[in-house]
Amino acid sequence: MIVQRRAVPAVLAAAALLLTAGCSSDGGGSPGTDGSASPSRAAPGSSAPAGQAAEETPPAKGSVKVVRTVAEGLDSPWGLAPLPGGGLLVSSRDDGTIVRVDEKTGKKTVLGEVPGVSAAGEGGLLGIALSPDYASDHMVYAYFTSASDNRIVRMLYDEKKPSGEQLGAPDTVFRGIPKGFVHNGGRIEFGPDKMLYVGTGESGDTGLSQDKESLGGKILRLTPEGEPAPGNPFPDSPVYSYGHRNVQGLAWDGKQRLFASEFGQDTWDELNAIKPGDNYGWPEAEGRSGDTGFHNPIDQWTTAEASPSGIAYAEGSVWMAGLRGKRLWRIPLNGTEASAEPQAFLEEEYGRLRTVVPAGGDRLWLVTSNTDGRGNPEDGDDRILELRVT
């Protein structure tokens with residue numbers, strides 16, 4: 001049975017915490033290619049789906065320019081939320097803290113530590129998001145791993161208080177998402193409909209992904225108060241889509257269509273167009289499948305090329321950050337299909353890339369992830385970069 005708002009979570013079996021094999025998420029043990037384009041990837045379609053009017057498509061080839069380094073010296077950064085009046089909130093997975101970065105000067109101010117975070121493996125303080133009514137309520141939402149589950153809380157942010165004391169007591173709005181040493185999901189975003197979308201992982205228990213009564217291996221859609229959102233595909237359920245392995249990125253295009261990135265195991269990572277109620281195949285399918293009961297990805301990559309994390313939509317393309325792949329992918333779109341072959345940028349230049357967020361127009365914020373225990377940090381890591389893209 002689905003465990004919803006304020007329900008007591010089940011205690012996970014210790015064995016589930018040890019399921020690390022085949023975890024492409026952070027460049028774990030599965031062998032991959034040398035990073036070259038996979039010749040077995042089918043060329044993506046270039047036309048709009050049947051019955052859909054043709055849309056203006058971006059150029060087949062794009063560009064990325066690193067405009068500047070915004071900030072340095074971040075510890076295990078994971079989520080990033082731009083403030084409407086200026087400033088960037090950044091979560092630290094391992095420290096359990098949220099820091100405000102002045103995007104003009106790079107100055108860092110600690111808001112405070114989120115109580116209850118139990119960081120281990122891929123778990124800890126993960127995604128953050130601002131309330132859709134942030135201008136009036138000043139609420140910050142956070143997804144984190146506790147001692148018993150993954151959960152979502154919201155906290156009042158009062159910047160007038162001293163550094164370290166600016167976060168109010170957390171109010172738990174949703175709990176009971178399965179936790180594990182791996183595959184904790186963690187990305188949260190408010191959509192154009194002002195509902196909260198949540199990417200979860202199957203915590204190493206592959207059977208959860210196909211179980212619509214489980215919160216693991218899903219995209220959830222909630223009200224800001226943590227209830228199943230009106231119009232969800234399954235009655236009285238927060239589940240929006242299922243059959244996922246470990247959803248790590250969520251983004252919408254200009255027509256309010258949702259896209260999600262997902263870690264594969266040994267073979268294929270995915271970028272998906274999300275349709276409510278659809279089954280995305282895991283564990284029966286990894287990447288494209290001939291089974292018509294599963295929704296095929298827009299495109300797929302070997303785990304060495306990608307291990308995708310955050311995604312953002314800008315200039316007609318989805319931009320996808322790669323952890324093990326250590327590169328930024330550009331996937332130009334025509335509707336919900338790729339309009340040209342994906343392009344890779346910044347290969348091996350900044351190490352592992354965790355989060356990418358729109359910065360307005362042709363700009364993106366990009367967060368590196370070299371201090372998370374699986375990277376090779378250099379002086380200055382981790383960083384936030386400002387990019388100009390086409």
# chains A, B, ... in the order shown; residues from 1 in each chain; ligands from 1
$ residues_around --residues "Val356 of chain A" --least-positions-apart "4" --cutoff "6 Å" --atoms "only C-alpha atoms" --output "PDB file with N, CA, C and O atoms, in the first residue's frame"
ATOM      1  N   GLY A 310      20.758  15.993 -13.394  1.00  0.00           N
ATOM      2  CA  GLY A 310      19.772  17.027 -13.651  1.00  0.00           C
ATOM      3  C   GLY A 310      19.622  17.357 -15.124  1.00  0.00           C
ATOM      4  O   GLY A 310      20.528  17.154 -15.935  1.00  0.00           O
ATOM      5  N   ILE A 311      18.438  17.880 -15.476  1.00  0.00           N
ATOM      6  CA  ILE A 311      18.185  18.359 -16.831  1.00  0.00           C
ATOM      7  C   ILE A 311      17.527  19.733 -16.763  1.00  0.00           C
ATOM      8  O   ILE A 311      16.928  20.111 -15.753  1.00  0.00           O
ATOM      9  N   ALA A 312      17.658  20.477 -17.859  1.00  0.00           N
ATOM     10  CA  ALA A 312      17.018  21.784 -17.991  1.00  0.00           C
ATOM     11  C   ALA A 312      16.600  21.954 -19.440  1.00  0.00           C
ATOM     12  O   ALA A 312      17.201  21.368 -20.350  1.00  0.00           O
ATOM     13  N   TRP A 365      22.680  27.565 -15.290  1.00  0.00           N
ATOM     14  CA  TRP A 365      23.572  27.318 -14.163  1.00  0.00           C
ATOM     15  C   TRP A 365      23.930  25.840 -14.188  1.00  0.00           C
ATOM     16  O   TRP A 365      23.051  24.983 -14.311  1.00  0.00           O
ATOM     17  N   LEU A 366      25.216  25.517 -14.039  1.00  0.00           N
ATOM     18  CA  LEU A 366      25.682  24.143 -14.056  1.00  0.00           C
ATOM     19  C   LEU A 366      26.496  23.871 -12.789  1.00  0.00           C
ATOM     20  O   LEU A 366      27.415  24.628 -12.465  1.00  0.00           O
TER      21      LEU A 366
END
$ residues_around --residues "segment 135-139 of chain A" --least-positions-apart "4" --cutoff "7 Å" --atoms "only C-alpha atoms" --output "PDB file with N, CA, C and O atoms, in the first residue's frame"
ATOM      1  N   LEU A 130      11.617  25.912  -4.554  1.00  0.00           N
ATOM      2  CA  LEU A 130      10.898  27.006  -3.905  1.00  0.00           C
ATOM      3  C   LEU A 130       9.396  26.804  -4.064  1.00  0.00           C
ATOM      4  O   LEU A 130       8.919  26.348  -5.112  1.00  0.00           O
ATOM      5  N   SER A 131       8.654  27.155  -3.036  1.00  0.00           N
ATOM      6  CA  SER A 131       7.194  27.126  -3.109  1.00  0.00           C
ATOM      7  C   SER A 131       6.712  27.928  -4.306  1.00  0.00           C
ATOM      8  O   SER A 131       7.287  28.963  -4.652  1.00  0.00           O
ATOM      9  N   ARG A 154       9.205  21.112   4.191  1.00  0.00           N
ATOM     10  CA  ARG A 154       9.274  22.517   3.795  1.00  0.00           C
ATOM     11  C   ARG A 154       9.646  23.344   5.013  1.00  0.00           C
ATOM     12  O   ARG A 154       9.275  23.021   6.142  1.00  0.00           O
ATOM     13  N   MET A 155      10.402  24.419   4.758  1.00  0.00           N
ATOM     14  CA  MET A 155      10.946  25.248   5.832  1.00  0.00           C
ATOM     15  C   MET A 155      10.831  26.718   5.451  1.00  0.00           C
ATOM     16  O   MET A 155      11.026  27.083   4.288  1.00  0.00           O
ATOM     17  N   LEU A 156      10.543  27.538   6.435  1.00  0.00           N
ATOM     18  CA  LEU A 156      10.519  28.974   6.228  1.00  0.00           C
ATOM     19  C   LEU A 156      11.947  29.500   6.141  1.00  0.00           C
ATOM     20  O   LEU A 156      12.790  29.182   6.984  1.00  0.00           O
ATOM     21  N   TYR A 157      12.220  30.290   5.115  1.00  0.00           N
ATOM     22  CA  TYR A 157      13.536  30.908   4.958  1.00  0.00           C
ATOM     23  C   TYR A 157      13.421  32.384   5.342  1.00  0.00           C
ATOM     24  O   TYR A 157      12.711  33.149   4.694  1.00  0.00           O
TER      25      TYR A 157
END
$ select_by_dssp --residues "segment 118-286 of chain A" --states "alpha helix (DSSP H)" --output "list in words"
Tyr134, Ala135, Ser136 and Asp137 of chain A
$ closest_residue --among "A:Ala229, A:Ala285, A:Ile128, A:Ala321" --to "Asp193 of chain A" --atoms "only C-alpha atoms"
A:Ala229
$ residues_around --residues "Leu364 of chain A" --least-positions-apart "4" --cutoff "10 Å" --atoms "only C-alpha atoms" --output "ChimeraX atom specification"
/A:64,66-67,312-314,319,356-360,385-389
$ write_last_selection --atoms "N, CA, C and O atoms" --output "mmCIF file, in the first residue's frame"
data_model
loop_
_atom_site.group_PDB
_atom_site.id
_atom_site.type_symbol
_atom_site.label_atom_id
_atom_site.label_comp_id
_atom_site.auth_asym_id
_atom_site.auth_seq_id
_atom_site.Cartn_x
_atom_site.Cartn_y
_atom_site.Cartn_z
ATOM 1 N N VAL A 64 28.034 25.666 -26.590
ATOM 2 C CA VAL A 64 28.099 25.958 -25.160
ATOM 3 C C VAL A 64 29.338 26.801 -24.903
ATOM 4 O O VAL A 64 30.434 26.454 -25.346
ATOM 5 N N VAL A 66 31.311 28.603 -21.568
ATOM 6 C CA VAL A 66 31.374 28.863 -20.135
ATOM 7 C C VAL A 66 31.669 30.347 -19.951
ATOM 8 O O VAL A 66 32.767 30.813 -20.253
ATOM 9 N N VAL A 67 30.671 31.085 -19.480
ATOM 10 C CA VAL A 67 30.808 32.525 -19.323
ATOM 11 C C VAL A 67 31.710 32.854 -18.138
ATOM 12 O O VAL A 67 32.591 33.716 -18.217
ATOM 13 N N ALA A 312 17.658 20.477 -17.859
ATOM 14 C CA ALA A 312 17.018 21.784 -17.991
ATOM 15 C C ALA A 312 16.600 21.954 -19.440
ATOM 16 O O ALA A 312 17.201 21.368 -20.350
ATOM 17 N N TYR A 313 15.572 22.779 -19.659
ATOM 18 C CA TYR A 313 15.123 23.089 -21.014
ATOM 19 C C TYR A 313 15.485 24.532 -21.339
ATOM 20 O O TYR A 313 15.187 25.439 -20.556
ATOM 21 N N ALA A 314 16.158 24.743 -22.468
ATOM 22 C CA ALA A 314 16.514 26.091 -22.921
ATOM 23 C C ALA A 314 16.816 26.057 -24.409
ATOM 24 O O ALA A 314 17.390 25.086 -24.913
ATOM 25 N N TRP A 319 18.963 20.002 -21.900
ATOM 26 C CA TRP A 319 20.381 19.937 -21.540
ATOM 27 C C TRP A 319 20.503 19.002 -20.355
ATOM 28 O O TRP A 319 19.833 19.188 -19.337
ATOM 29 N N VAL A 356 21.762 20.978 -13.591
ATOM 30 C CA VAL A 356 21.710 22.077 -14.554
ATOM 31 C C VAL A 356 20.335 22.718 -14.452
ATOM 32 O O VAL A 356 19.319 22.029 -14.389
ATOM 33 N N VAL A 357 20.327 24.060 -14.377
ATOM 34 C CA VAL A 357 19.097 24.801 -14.095
ATOM 35 C C VAL A 357 19.019 26.007 -15.035
ATOM 36 O O VAL A 357 20.037 26.671 -15.271
ATOM 37 N N PRO A 358 17.837 26.319 -15.585
ATOM 38 C CA PRO A 358 17.719 27.512 -16.422
ATOM 39 C C PRO A 358 18.067 28.776 -15.653
ATOM 40 O O PRO A 358 17.696 28.937 -14.489
ATOM 41 N N ALA A 359 18.795 29.668 -16.318
ATOM 42 C CA ALA A 359 19.163 30.951 -15.717
ATOM 43 C C ALA A 359 18.533 32.107 -16.475
ATOM 44 O O ALA A 359 18.891 33.263 -16.258
ATOM 45 N N GLY A 360 17.589 31.808 -17.381
ATOM 46 C CA GLY A 360 16.911 32.831 -18.168
ATOM 47 C C GLY A 360 17.494 32.946 -19.566
ATOM 48 O O GLY A 360 18.719 33.009 -19.733
ATOM 49 N N LEU A 385 28.875 26.988 -12.493
ATOM 50 C CA LEU A 385 29.289 27.679 -13.706
ATOM 51 C C LEU A 385 28.084 28.337 -14.358
ATOM 52 O O LEU A 385 26.967 27.831 -14.271
ATOM 53 N N GLU A 386 28.323 29.474 -14.992
ATOM 54 C CA GLU A 386 27.300 30.096 -15.832
ATOM 55 C C GLU A 386 27.634 29.801 -17.279
ATOM 56 O O GLU A 386 28.766 30.035 -17.739
ATOM 57 N N LEU A 387 26.635 29.277 -18.017
ATOM 58 C CA LEU A 387 26.817 28.905 -19.413
ATOM 59 C C LEU A 387 25.935 29.741 -20.319
ATOM 60 O O LEU A 387 24.830 30.137 -19.929
ATOM 61 N N ARG A 388 26.423 29.991 -21.532
ATOM 62 C CA ARG A 388 25.578 30.515 -22.618
ATOM 63 C C ARG A 388 25.442 29.422 -23.647
ATOM 64 O O ARG A 388 26.439 28.859 -24.103
ATOM 65 N N VAL A 389 24.215 29.099 -24.035
ATOM 66 C CA VAL A 389 23.975 27.952 -24.924
ATOM 67 C C VAL A 389 23.128 28.362 -26.111
ATOM 68 O O VAL A 389 22.366 29.327 -26.074
#
$ select_by_dssp --residues "segment 163-266 of chain A" --states "strand (DSSP E or B)" --output "PyMOL selection string"
chain A and resi 167+171-177+188-190+196-199+201+218-222+228+239-242+246-252+258-262
$ closest_residue --among "A:Val70, A:Leu83, A:Leu323, A:Ala129" --to "Lys104 of chain A" --atoms "only C-alpha atoms"
A:Val70
$ closest_residue --among "A:Gly185, A:Gly116, A:Gly243, A:Gly191" --to "Gln210 of chain A" --atoms "only C-alpha atoms"
A:Gly243
$ residues_around --residues "Ile177 of chain A" --least-positions-apart "6" --cutoff "6 Å" --atoms "only C-alpha atoms" --output "PDB file with N, CA and C atoms, in the first residue's frame"
ATOM      1  N   ASP A 149      13.543   6.553   5.832  1.00  0.00           N
ATOM      2  CA  ASP A 149      12.896   6.690   4.531  1.00  0.00           C
ATOM      3  C   ASP A 149      13.478   7.888   3.798  1.00  0.00           C
ATOM      4  N   ASN A 150      12.966   8.139   2.601  1.00  0.00           N
ATOM      5  CA  ASN A 150      13.151   9.424   1.931  1.00  0.00           C
ATOM      6  C   ASN A 150      11.868  10.220   2.110  1.00  0.00           C
ATOM      7  N   LEU A 215       5.948   3.612  -3.667  1.00  0.00           N
ATOM      8  CA  LEU A 215       6.416   4.945  -4.054  1.00  0.00           C
ATOM      9  C   LEU A 215       7.788   4.899  -4.717  1.00  0.00           C
TER      10      LEU A 215
END
$ atom_distance --atom1 "atom CA of Val198 of chain A" --atom2 "atom CA of Gly335 of chain A"
22.8 Å
$ closest_residue --among "A:Lys326, A:Lys212, A:His244, A:Arg354" --to "His295 of chain A" --atoms "only C-alpha atoms"
A:His244
$ atom_distance --atom1 "atom CA of Phe234 of chain A" --atom2 "atom CA of Pro276 of chain A"
9.2 Å
$ atom_distance --atom1 "atom CA of Lys61 of chain A" --atom2 "atom CA of Val318 of chain A"
13.1 Å
$ closest_residue --among "A:Thr57, A:Ser163, A:Ser261, A:Thr145" --to "Arg100 of chain A" --atoms "only C-alpha atoms"
A:Ser163
$ closest_residue --among "A:Gly164, A:Pro170, A:Gly380, A:Gly79" --to "Gly127 of chain A" --atoms "only C-alpha atoms"
A:Gly79
$ decode --residues "segment 367-381 of chain A" --atoms "all heavy atoms" --output "mmCIF file, in the first residue's frame"
data_model
loop_
_atom_site.group_PDB
_atom_site.id
_atom_site.type_symbol
_atom_site.label_atom_id
_atom_site.label_comp_id
_atom_site.auth_asym_id
_atom_site.auth_seq_id
_atom_site.Cartn_x
_atom_site.Cartn_y
_atom_site.Cartn_z
ATOM 1 N N VAL A 367 26.157 22.786 -12.069
ATOM 2 C CA VAL A 367 26.807 22.437 -10.812
ATOM 3 C C VAL A 367 27.638 21.172 -10.997
ATOM 4 O O VAL A 367 27.126 20.151 -11.478
ATOM 5 C CB VAL A 367 25.765 22.214 -9.698
ATOM 6 C CG1 VAL A 367 26.452 21.907 -8.371
ATOM 7 C CG2 VAL A 367 24.850 23.431 -9.559
ATOM 8 N N THR A 368 28.912 21.216 -10.613
ATOM 9 C CA THR A 368 29.771 20.034 -10.683
ATOM 10 C C THR A 368 29.574 19.156 -9.447
ATOM 11 O O THR A 368 28.982 19.578 -8.456
ATOM 12 C CB THR A 368 31.250 20.434 -10.810
ATOM 13 O OG1 THR A 368 31.690 21.054 -9.591
ATOM 14 C CG2 THR A 368 31.463 21.401 -11.973
ATOM 15 N N SER A 369 30.092 17.919 -9.519
ATOM 16 C CA SER A 369 29.890 16.960 -8.424
ATOM 17 C C SER A 369 31.135 16.087 -8.271
ATOM 18 O O SER A 369 31.100 14.875 -8.493
ATOM 19 C CB SER A 369 28.663 16.086 -8.702
ATOM 20 O OG SER A 369 28.357 15.263 -7.599
ATOM 21 N N ASN A 370 32.242 16.705 -7.853
ATOM 22 C CA ASN A 370 33.507 15.982 -7.704
ATOM 23 C C ASN A 370 33.876 15.713 -6.255
ATOM 24 O O ASN A 370 34.854 15.005 -5.984
ATOM 25 C CB ASN A 370 34.626 16.767 -8.383
ATOM 26 C CG ASN A 370 34.390 16.894 -9.876
ATOM 27 O OD1 ASN A 370 34.149 15.905 -10.561
ATOM 28 N ND2 ASN A 370 34.415 18.124 -10.396
ATOM 29 N N THR A 371 33.126 16.271 -5.295
ATOM 30 C CA THR A 371 33.432 16.082 -3.874
ATOM 31 C C THR A 371 32.446 15.136 -3.195
ATOM 32 O O THR A 371 32.292 15.153 -1.978
ATOM 33 C CB THR A 371 33.427 17.441 -3.135
ATOM 34 O OG1 THR A 371 32.131 18.046 -3.274
ATOM 35 C CG2 THR A 371 34.479 18.377 -3.701
ATOM 36 N N ASP A 372 31.792 14.303 -3.991
ATOM 37 C CA ASP A 372 30.764 13.408 -3.455
ATOM 38 C C ASP A 372 31.304 12.021 -3.143
ATOM 39 O O ASP A 372 30.533 11.102 -2.872
ATOM 40 C CB ASP A 372 29.598 13.300 -4.440
ATOM 41 C CG ASP A 372 29.993 12.635 -5.751
ATOM 42 O OD1 ASP A 372 31.213 12.473 -5.997
ATOM 43 O OD2 ASP A 372 29.092 12.268 -6.535
ATOM 44 N N GLY A 373 32.619 11.841 -3.193
ATOM 45 C CA GLY A 373 33.210 10.551 -2.891
ATOM 46 C C GLY A 373 33.468 9.685 -4.097
ATOM 47 O O GLY A 373 34.143 8.663 -3.991
ATOM 48 N N ARG A 374 32.956 10.068 -5.266
ATOM 49 C CA ARG A 374 33.156 9.284 -6.473
ATOM 50 C C ARG A 374 33.889 10.061 -7.561
ATOM 51 O O ARG A 374 34.103 9.532 -8.644
ATOM 52 C CB ARG A 374 31.812 8.771 -6.999
ATOM 53 C CG ARG A 374 31.207 7.717 -6.077
ATOM 54 C CD ARG A 374 29.899 7.186 -6.618
ATOM 55 N NE ARG A 374 29.416 6.075 -5.796
ATOM 56 C CZ ARG A 374 28.251 5.483 -5.981
ATOM 57 N NH1 ARG A 374 27.449 5.883 -6.940
ATOM 58 N NH2 ARG A 374 27.883 4.481 -5.200
ATOM 59 N N GLY A 375 34.229 11.297 -7.266
ATOM 60 C CA GLY A 375 34.960 12.097 -8.229
ATOM 61 C C GLY A 375 36.404 12.289 -7.808
ATOM 62 O O GLY A 375 36.864 11.755 -6.797
ATOM 63 N N ASN A 376 37.122 13.045 -8.595
ATOM 64 C CA ASN A 376 38.508 13.409 -8.302
ATOM 65 C C ASN A 376 38.582 14.929 -8.200
ATOM 66 O O ASN A 376 38.882 15.613 -9.171
ATOM 67 C CB ASN A 376 39.438 12.895 -9.399
ATOM 68 C CG ASN A 376 39.445 11.386 -9.504
ATOM 69 O OD1 ASN A 376 39.714 10.697 -8.530
ATOM 70 N ND2 ASN A 376 39.114 10.864 -10.688
ATOM 71 N N PRO A 377 38.286 15.462 -7.008
ATOM 72 C CA PRO A 377 38.206 16.916 -6.876
ATOM 73 C C PRO A 377 39.545 17.604 -7.131
ATOM 74 O O PRO A 377 40.596 17.114 -6.730
ATOM 75 C CB PRO A 377 37.744 17.112 -5.427
ATOM 76 C CG PRO A 377 38.076 15.832 -4.727
ATOM 77 C CD PRO A 377 37.981 14.764 -5.753
ATOM 78 N N GLU A 378 39.464 18.740 -7.811
ATOM 79 C CA GLU A 378 40.609 19.595 -8.047
ATOM 80 C C GLU A 378 40.446 20.858 -7.223
ATOM 81 O O GLU A 378 39.411 21.087 -6.591
ATOM 82 C CB GLU A 378 40.720 19.919 -9.540
ATOM 83 C CG GLU A 378 40.933 18.686 -10.416
ATOM 84 C CD GLU A 378 41.080 19.039 -11.882
ATOM 85 O OE1 GLU A 378 40.927 20.235 -12.229
ATOM 86 O OE2 GLU A 378 41.345 18.128 -12.688
ATOM 87 N N ASP A 379 41.468 21.693 -7.204
ATOM 88 C CA ASP A 379 41.375 22.951 -6.481
ATOM 89 C C ASP A 379 40.167 23.737 -6.970
ATOM 90 O O ASP A 379 39.981 23.925 -8.182
ATOM 91 C CB ASP A 379 42.652 23.777 -6.685
ATOM 92 C CG ASP A 379 43.850 23.175 -5.974
ATOM 93 O OD1 ASP A 379 43.636 22.316 -5.104
ATOM 94 O OD2 ASP A 379 44.986 23.547 -6.309
ATOM 95 N N GLY A 380 39.349 24.187 -6.034
ATOM 96 C CA GLY A 380 38.160 24.964 -6.389
ATOM 97 C C GLY A 380 36.884 24.167 -6.432
ATOM 98 O O GLY A 380 35.791 24.744 -6.408
ATOM 99 N N ASP A 381 36.983 22.837 -6.523
ATOM 100 C CA ASP A 381 35.757 22.037 -6.554
ATOM 101 C C ASP A 381 35.056 22.044 -5.195
ATOM 102 O O ASP A 381 35.699 22.166 -4.166
ATOM 103 C CB ASP A 381 36.084 20.588 -6.931
ATOM 104 C CG ASP A 381 36.218 20.400 -8.440
ATOM 105 O OD1 ASP A 381 35.583 21.165 -9.185
ATOM 106 O OD2 ASP A 381 36.964 19.499 -8.852
#
